[in-house]
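Written out below as structure tokens is the structure these notes cover.
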Amino acid sequence: LKITGGTILDTITGSPINDTNTVEKTTITLDGVTAKTSVMATSLTDSYGIKDVKTDASGKLYFYLPVGTTVTSVTTAAGTYKGTVTTTDDGTATGTFTLQAISPTVSGTSVYANGNPIIIAAGTTEGTTTIYWDKNGNGTGDSGEEIADSVKEKDLSSYSIYGGCKTDALTGDTKITMIGGTVNFVYGGGESGTVTGNTSVTISGGTVSGYVYGGGYNSAVSGKTTVNISGGMINS
């Protein structure tokens, strides 16, 4: 029996091989996955076919790999799951992989949420602004959630804020909430990185001296773009 790809749950009798080596079962669990999910890419130290491969309903994949092969990531539409599992000669190797969130980043006068929910708020000192990563999803910029010192209690009036990424494609939704402070431009999408998902920009306070866009600067959004403004000032 020759196996060079796919996911196989049933027990296999005999000694399956790939092109040259005996292969053994390696079980990978994608943490938090509770439905059959298509696999888009993998990172491992051998070649393995993943065309039309899906997890089972509990997020498990069953790869048959040569002994010593190490798998370090599995990518789905939700993002990249990372972990480490190395195939053993008894077919019992197992590993749990966790979805990796890309933290918000700051580059020059641009802030990229990278798909994370962020909050723009007035700083405690007049004329300053702080940008938070709303990690706990409570809609409040809590102490310790500041993205970086460079956007904490600073004059951000020349800054552009992006819900998506600078150049990378993002699969998932974006969410920007502005309750205070001053920034230049706000984009629900990315700068040149596309977004496959929905974007949301909500402004209830603060000042945007430039424009507000539900989409990206020079990139597409494949989903719904929503801008809600109930307060604040848009100067352009």
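Residues are referred to by chain and number: the chain letter is A, B, ... according to the order shown in the structure tokens, the number counts from 1 in that chain, and ligands are numbered separately from 1 in the order shown.
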Exercise: Leu156 (chain A) partners within 8 Å, only C-alpha atoms, chain neighbours under 4 positions left out, as a ChimeraX atom specification: /A:109,128-129,151,182-184
Would you save the residues from that selection as a PDB file, in the first residue's frame, using C-alpha atoms?
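Contents of the output file result.pdb:
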ATOM      1  CA  THR A 109       3.217  56.423  11.365  1.00  0.00           C
ATOM      2  CA  THR A 128      -2.467  62.453  23.244  1.00  0.00           C
ATOM      3  CA  THR A 129      -3.962  59.181  22.026  1.00  0.00           C
ATOM      4  CA  VAL A 151       1.277  54.576  20.459  1.00  0.00           C
ATOM      5  CA  THR A 182      -6.929  61.974  17.176  1.00  0.00           C
ATOM      6  CA  VAL A 183      -5.599  60.083  14.155  1.00  0.00           C
ATOM      7  CA  ASN A 184      -5.192  60.906  10.482  1.00  0.00           C
TER       8      ASN A 184
END
Please determine, counting only C-alpha atoms, which residue among A:Met178, A:Thr105, A:Thr202, A:Phe185 has the shortest atom-to-atom distance to Ala148 (chain A).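 Closest to Ala148 (chain A) of all the choices is A:Thr105.
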Please determine, counting only C-alpha atoms, which residue among A:Thr4, A:Thr96, A:Thr22, A:Ser222 has the shortest atom-to-atom distance to Thr84 (chain A).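 For Thr84 (chain A), the nearest of the candidates is A:Thr96.
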For a test of reading the model, state the distance in Å between CA of Asp90 (chain A) and CA of Glu24 (chain A), rounded to one decimal.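 Taking CA of Asp90 (chain A) as the start and CA of Glu24 (chain A) as the end point, the length is 7.0 Å.
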Find the residues near Ile229 (chain A): any atom within 8 Å, counting only C-alpha atoms, skip ones fewer than 3 places away on the same chain, and give them as a count of residues only. 4
Contact residues around Ile161 (chain A) with only C-alpha atoms at 10 Å, ignoring same-chain residues under 6 positions, as a list in words: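 Close residues of Ile161 (chain A): Val106, Thr109, Ser110, Val111, Tyr112, Ala113, Ile118, Ile120, Ile131, Ile176, Val183, Asn184, Phe185, Val186, Tyr187, Gly188, Gly189, Gly190, Glu191 and Val212 of chain A.
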If you count only C-alpha atoms, which residues fall within 12 Å of region 164-173 of chain A, apart from same-chain ones fewer than 5 positions away, as number ranges by chain? A: 40, 75-80, 101-108, 110-118, 186-201, 214-226
Which residue out of A:Leu99, A:Ala41, A:Ile119, A:Leu65 has the minimum interatomic distance to Ile8 (chain A) when only C-alpha atoms are used?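 Closest to Ile8 (chain A) of all the choices is A:Leu65.
With only C-alpha atoms as the basis for measurement, A:Asp31 is the residue among A:Glu126, A:Asp10, A:Asp31, A:Asp155 that approaches Phe97 (chain A) most closely.
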